[in-house]
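Colleague: Contents of my_file-v8.pdb (PDB, C-alpha atoms, pLDDT in the B column) are given next:
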```
MODEL        1
ATOM      1  CA  MET A  21      21.672  -1.296   2.172  1.00 38.00           C
ATOM      2  CA  PRO A  22      20.509   2.115   0.879  1.00 42.00           C
ATOM      3  CA  LEU A  23      17.288   2.096  -1.105  1.00 50.00           C
ATOM      4  CA  ARG A  24      16.481   4.489  -3.935  1.00 50.00           C
ATOM      5  CA  HIS A  25      13.334   5.987  -2.478  1.00 44.00           C
ATOM      6  CA  SER A  26      14.456   9.552  -1.787  1.00 51.00           C
ATOM      7  CA  VAL A  27      11.756  11.008  -4.055  1.00 79.00           C
ATOM      8  CA  THR A  28       9.168   8.238  -3.851  1.00 93.00           C
ATOM      9  CA  ARG A  29       5.735   9.372  -2.734  1.00 96.00           C
ATOM     10  CA  VAL A  30       3.565   6.732  -1.065  1.00 97.00           C
ATOM     11  CA  ALA A  31      -0.177   7.293  -0.649  1.00 98.00           C
ATOM     12  CA  VAL A  32      -1.487   5.525   2.470  1.00 98.00           C
ATOM     13  CA  LEU A  33      -5.201   4.697   2.489  1.00 97.00           C
ATOM     14  CA  GLY A  34      -6.336   4.298   6.081  1.00 96.00           C
ATOM     15  CA  ALA A  35      -4.009   6.950   7.503  1.00 95.00           C
ATOM     16  CA  ASP A  36      -6.775   8.074   9.878  1.00 94.00           C
ATOM     17  CA  THR A  37      -6.285   5.009  12.104  1.00 92.00           C
ATOM     18  CA  VAL A  38      -3.657   4.531  14.803  1.00 93.00           C
ATOM     19  CA  VAL A  39      -1.908   1.857  12.756  1.00 93.00           C
ATOM     20  CA  GLY A  40      -2.214   3.958   9.596  1.00 95.00           C
ATOM     21  CA  ARG A  41      -0.574   6.937  11.308  1.00 96.00           C
ATOM     22  CA  ALA A  42       2.189   4.685  12.629  1.00 95.00           C
ATOM     23  CA  ILE A  43       2.838   3.333   9.125  1.00 96.00           C
ATOM     24  CA  CYS A  44       3.002   6.891   7.766  1.00 97.00           C
ATOM     25  CA  ALA A  45       5.550   7.833  10.445  1.00 96.00           C
ATOM     26  CA  LEU A  46       7.567   4.668   9.787  1.00 95.00           C
ATOM     27  CA  LEU A  47       7.721   5.325   6.041  1.00 96.00           C
ATOM     28  CA  GLU A  48       8.584   9.001   6.558  1.00 95.00           C
ATOM     29  CA  GLY A  49      11.442   7.847   8.785  1.00 94.00           C
ATOM     30  CA  LEU A  50      12.695   5.759   5.864  1.00 93.00           C
ATOM     31  CA  GLY A  51      12.724   8.834   3.627  1.00 93.00           C
ATOM     32  CA  TYR A  52       9.501   8.347   1.694  1.00 95.00           C
ATOM     33  CA  GLN A  53       7.174  11.275   1.071  1.00 96.00           C
ATOM     34  CA  ILE A  54       3.731  10.389   2.417  1.00 97.00           C
ATOM     35  CA  ALA A  55       0.270  11.309   1.148  1.00 97.00           C
ATOM     36  CA  PRO A  56      -2.073  10.283   4.000  1.00 98.00           C
ATOM     37  CA  ILE A  57      -5.644   9.433   2.945  1.00 97.00           C
ATOM     38  CA  ASP A  58      -8.564   8.791   5.304  1.00 96.00           C
ATOM     39  CA  SER A  59     -10.301   5.410   5.141  1.00 93.00           C
ATOM     40  CA  ARG A  60     -13.386   6.962   3.590  1.00 91.00           C
ATOM     41  CA  PRO A  61     -12.209  10.011   1.645  1.00 92.00           C
ATOM     42  CA  THR A  62     -14.660  12.557   0.319  1.00 90.00           C
ATOM     43  CA  GLU A  63     -12.351  14.014  -2.350  1.00 92.00           C
ATOM     44  CA  VAL A  64     -11.812  12.756  -5.906  1.00 93.00           C
ATOM     45  CA  VAL A  65      -9.595   9.664  -5.745  1.00 94.00           C
ATOM     46  CA  ASP A  66      -7.381  10.607  -8.692  1.00 94.00           C
ATOM     47  CA  GLU A  67      -6.689  13.988  -7.082  1.00 94.00           C
ATOM     48  CA  LEU A  68      -5.730  12.316  -3.800  1.00 96.00           C
ATOM     49  CA  LEU A  69      -3.264  10.087  -5.657  1.00 96.00           C
ATOM     50  CA  GLU A  70      -1.746  12.924  -7.688  1.00 94.00           C
ATOM     51  CA  GLY A  71       2.038  12.704  -7.532  1.00 94.00           C
ATOM     52  CA  ALA A  72       2.030   9.354  -5.719  1.00 96.00           C
ATOM     53  CA  ASN A  73       4.161   6.487  -7.003  1.00 96.00           C
ATOM     54  CA  LEU A  74       2.522   3.718  -4.963  1.00 97.00           C
ATOM     55  CA  LEU A  75      -0.682   3.131  -2.986  1.00 97.00           C
ATOM     56  CA  LEU A  76      -0.379   1.340   0.354  1.00 97.00           C
ATOM     57  CA  LEU A  77      -3.559   0.003   1.960  1.00 96.00           C
ATOM     58  CA  ALA A  78      -3.390   0.000   5.758  1.00 95.00           C
ATOM     59  CA  PRO A  79      -4.164  -3.266   7.536  1.00 92.00           C
ATOM     60  CA  ARG A  80      -7.693  -3.936   8.819  1.00 89.00           C
ATOM     61  CA  LEU A  81      -9.154  -1.499   6.277  1.00 88.00           C
ATOM     62  CA  GLU A  82     -12.807  -2.307   5.618  1.00 88.00           C
ATOM     63  CA  GLU A  83     -13.183  -4.311   2.421  1.00 84.00           C
ATOM     64  CA  GLY A  84     -15.940  -1.986   1.184  1.00 88.00           C
ATOM     65  CA  ALA A  85     -13.748   1.090   1.642  1.00 90.00           C
ATOM     66  CA  ARG A  86     -10.824  -0.619  -0.094  1.00 90.00           C
ATOM     67  CA  GLU A  87     -12.931  -1.777  -3.050  1.00 91.00           C
ATOM     68  CA  ALA A  88     -14.691   1.584  -3.416  1.00 92.00           C
ATOM     69  CA  PHE A  89     -11.377   3.453  -3.447  1.00 94.00           C
ATOM     70  CA  LEU A  90      -9.733   1.110  -5.951  1.00 93.00           C
ATOM     71  CA  GLY A  91     -12.852   1.140  -8.132  1.00 92.00           C
ATOM     72  CA  ALA A  92     -12.849   4.945  -8.212  1.00 93.00           C
ATOM     73  CA  ILE A  93      -9.387   5.161  -9.759  1.00 91.00           C
ATOM     74  CA  GLY A  94      -9.914   6.432 -13.281  1.00 86.00           C
ATOM     75  CA  LYS A  95      -9.212   3.810 -15.942  1.00 84.00           C
ATOM     76  CA  GLY A  96      -7.523   6.337 -18.210  1.00 83.00           C
ATOM     77  CA  SER A  97      -5.717   8.198 -15.446  1.00 86.00           C
ATOM     78  CA  PRO A  98      -1.983   7.951 -14.740  1.00 86.00           C
ATOM     79  CA  ASN A  99      -2.974   6.186 -11.494  1.00 89.00           C
ATOM     80  CA  ALA A 100      -4.586   3.237 -13.296  1.00 90.00           C
ATOM     81  CA  ASP A 101      -1.295   1.298 -13.364  1.00 91.00           C
ATOM     82  CA  MET A 102       0.001   2.446  -9.974  1.00 94.00           C
ATOM     83  CA  PRO A 103       1.371  -0.418  -7.862  1.00 95.00           C
ATOM     84  CA  VAL A 104      -0.858  -1.240  -4.877  1.00 96.00           C
ATOM     85  CA  ILE A 105       0.250  -3.058  -1.728  1.00 96.00           C
ATOM     86  CA  ALA A 106      -2.304  -4.184   0.863  1.00 94.00           C
ATOM     87  CA  LEU A 107      -0.947  -4.810   4.342  1.00 94.00           C
ATOM     88  CA  SER A 108      -3.013  -7.615   5.815  1.00 88.00           C
ATOM     89  CA  THR A 109      -3.051  -9.413   9.121  1.00 83.00           C
ATOM     90  CA  VAL A 110      -3.355 -13.164   9.473  1.00 69.00           C
ATOM     91  CA  LEU A 111      -6.870 -12.596  10.844  1.00 62.00           C
ATOM     92  CA  GLU A 112      -7.972 -10.758   7.713  1.00 58.00           C
ATOM     93  CA  GLY A 113      -6.916 -13.454   5.274  1.00 54.00           C
ATOM     94  CA  VAL A 114      -6.914 -10.935   2.416  1.00 55.00           C
ATOM     95  CA  THR A 115      -6.189 -12.543  -0.923  1.00 56.00           C
ATOM     96  CA  PRO A 116      -4.730 -10.180  -3.523  1.00 56.00           C
ATOM     97  CA  GLU A 117      -7.026  -9.385  -6.424  1.00 62.00           C
ATOM     98  CA  GLY A 118      -5.942  -7.976  -9.748  1.00 68.00           C
ATOM     99  CA  ARG A 119      -3.069  -5.574  -9.315  1.00 71.00           C
ATOM    100  CA  VAL A 120      -3.132  -5.600  -5.508  1.00 86.00           C
ATOM    101  CA  GLU A 121      -0.292  -7.408  -3.791  1.00 86.00           C
ATOM    102  CA  SER A 122      -0.745  -8.608  -0.224  1.00 85.00           C
ATOM    103  CA  VAL A 123       2.038  -8.231   2.336  1.00 89.00           C
ATOM    104  CA  THR A 124       1.630  -9.762   5.774  1.00 88.00           C
ATOM    105  CA  TRP A 125       1.423  -7.231   8.587  1.00 90.00           C
ATOM    106  CA  PRO A 126       3.191  -6.808  10.897  1.00 91.00           C
ATOM    107  CA  CYS A 127       6.451  -7.252   9.045  1.00 90.00           C
ATOM    108  CA  GLU A 128      10.000  -6.024   9.390  1.00 92.00           C
ATOM    109  CA  THR A 129      10.610  -2.445   8.275  1.00 91.00           C
ATOM    110  CA  LYS A 130      13.363  -3.561   5.901  1.00 93.00           C
ATOM    111  CA  ALA A 131      11.051  -6.156   4.322  1.00 93.00           C
ATOM    112  CA  LEU A 132       8.328  -3.557   3.724  1.00 94.00           C
ATOM    113  CA  ALA A 133      10.802  -1.105   2.160  1.00 94.00           C
ATOM    114  CA  GLU A 134      12.190  -3.859  -0.092  1.00 94.00           C
ATOM    115  CA  ARG A 135       8.668  -4.839  -1.185  1.00 93.00           C
ATOM    116  CA  ILE A 136       7.806  -1.212  -1.964  1.00 94.00           C
ATOM    117  CA  GLU A 137      10.964  -0.839  -4.048  1.00 93.00           C
ATOM    118  CA  ALA A 138      10.285  -4.098  -5.904  1.00 93.00           C
ATOM    119  CA  ALA A 139       6.702  -3.027  -6.632  1.00 93.00           C
ATOM    120  CA  LEU A 140       7.927   0.307  -7.988  1.00 92.00           C
ATOM    121  CA  GLN A 141      10.305  -1.535 -10.299  1.00 90.00           C
ATOM    122  CA  GLY A 142       7.564  -3.912 -11.421  1.00 85.00           C
ATOM    123  CA  ALA A 143       9.286  -6.959  -9.961  1.00 66.00           C
ATOM    124  CA  PRO A 144       7.148  -9.977  -9.095  1.00 59.00           C
ATOM    125  CA  ALA A 145       6.504 -10.655  -5.425  1.00 53.00           C
ATOM    126  CA  PRO A 146       9.126 -12.904  -3.887  1.00 50.00           C
ATOM    127  CA  SER A 147       7.890 -16.327  -2.864  1.00 42.00           C
ATOM    128  CA  ALA A 148       9.310 -16.062   0.646  1.00 38.00           C
ATOM    129  CA  ALA A 149       6.644 -16.362   3.342  1.00 37.00           C
ATOM    130  CA  PRO A 150       7.606 -13.200   5.319  1.00 40.00           C
ATOM    131  CA  TYR A 151       6.693 -10.996   2.360  1.00 38.00           C
ATOM    132  CA  THR A 152       3.420 -12.421   1.131  1.00 39.00           C
ATOM    133  CA  GLN A 153       0.543 -14.140   2.776  1.00 37.00           C
ATOM    134  CA  ALA A 154      -0.787 -17.389   1.440  1.00 36.00           C
ATOM    135  CA  ARG A 155      -4.418 -18.273   2.091  1.00 33.00           C
ATOM    136  CA  ARG A 156      -4.566 -20.654   5.028  1.00 32.00           C
ATOM    137  CA  LYS A 157      -7.065 -23.506   5.263  1.00 32.00           C
TER     138      LYS A 157
ENDMDL
END
```
What does the file become when written as structure tokens?

Modeller:
Amino acid sequence: MPLRHSVTRVAVLGADTVVGRAICALLEGLGYQIAPIDSRPTEVVDELLEGANLLLLAPRLEEGAREAFLGAIGKGSPNADMPVIALSTVLEGVTPEGRVESVTWPCETKALAERIEAALQGAPAPSAAPYTQARRK
């Protein structure tokens, strides 16, 4: 099933980790353009996101780094409404807040690509367990 992501640019926060680099390579292999961003960038956030269509948060990213980055996105900037997907492991137990959608990591490549495409189209997250992570008690 071909996806329409030939010109989609995905910014990956946490690209300076082994897993982050692997995710960048995986997405490049699927035809996405990648904008790798270190876990603790020193540049202006809106400049780092320039031209990106979606922000992907690498798994096991420190909560403080994630919150600081998301909080630095300018409210009036074109990035303010950018879809954000956080890859989270079962150990993290990350619950999506605001505009951030949580996708369980690891997941199938096809499932991640489908979730990215749905987020770009503004579709709600599917209720199927492989795509999203429910908080476990």

Colleague: Would you kindly return, as a ChimeraX atom specification, each protein, DNA or RNA residue with an atom no farther than 9 Å from any atom of Val65 (chain A), considering all atoms listed in the file and excluding same-chain residues fewer than 2 positions away?

Modeller: /A:61-63,67-70,89-90,92-94

Colleague: Neighbouring residues of Leu140 (chain A) were defined as those with any atom within 9 Å, considering only C-alpha atoms; residues of the same chain fewer than 2 positions away were excluded. Please report them as a list in words.

Modeller: Asn73, Leu74, Met102, Pro103, Arg135, Ile136, Glu137, Ala138, Gly142 and Ala143 of chain A

Colleague: Point out the residue among A:Leu33, A:Val120, A:Val27, A:Leu81 with the least atom-to-atom distance to Asp101 (chain A), counting all atoms listed in the file.

Modeller: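 That would be A:Val120, the residue with the smallest distance to Asp101 (chain A).
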
Colleague: Running the PyMOL selection byres ((chain A and resi 77) around 10) on this model by hand, what would come out? Give it as a ChimeraX atom specification.

Modeller: /A:31-35,40,57,59,74-76,78-81,86,104-108,120-123

Colleague: One number please: CA of Leu46 (chain A) to CA of Thr129 (chain A), in Å, one decimal.

Modeller: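 Spanning CA of Leu46 (chain A) to CA of Thr129 (chain A) is a straight-line distance of 7.9 Å.
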
Colleague: Rounded to one decimal, what separation in Å do you get between CA of Ala133 (chain A) and CA of Ala88 (chain A)?

Modeller: 26.2 Å

Colleague: Enter the distance from CA of Val30 (chain A) to CA of Arg119 (chain A), in Å, rounded to one decimal.

Modeller: 16.2 Å

Colleague: With all atoms listed in the file as the atoms that count, which of A:Gly84, A:Gly49, A:Pro56, A:Gly91 lies nearest to Ala72 (chain A)?

Modeller: A:Pro56
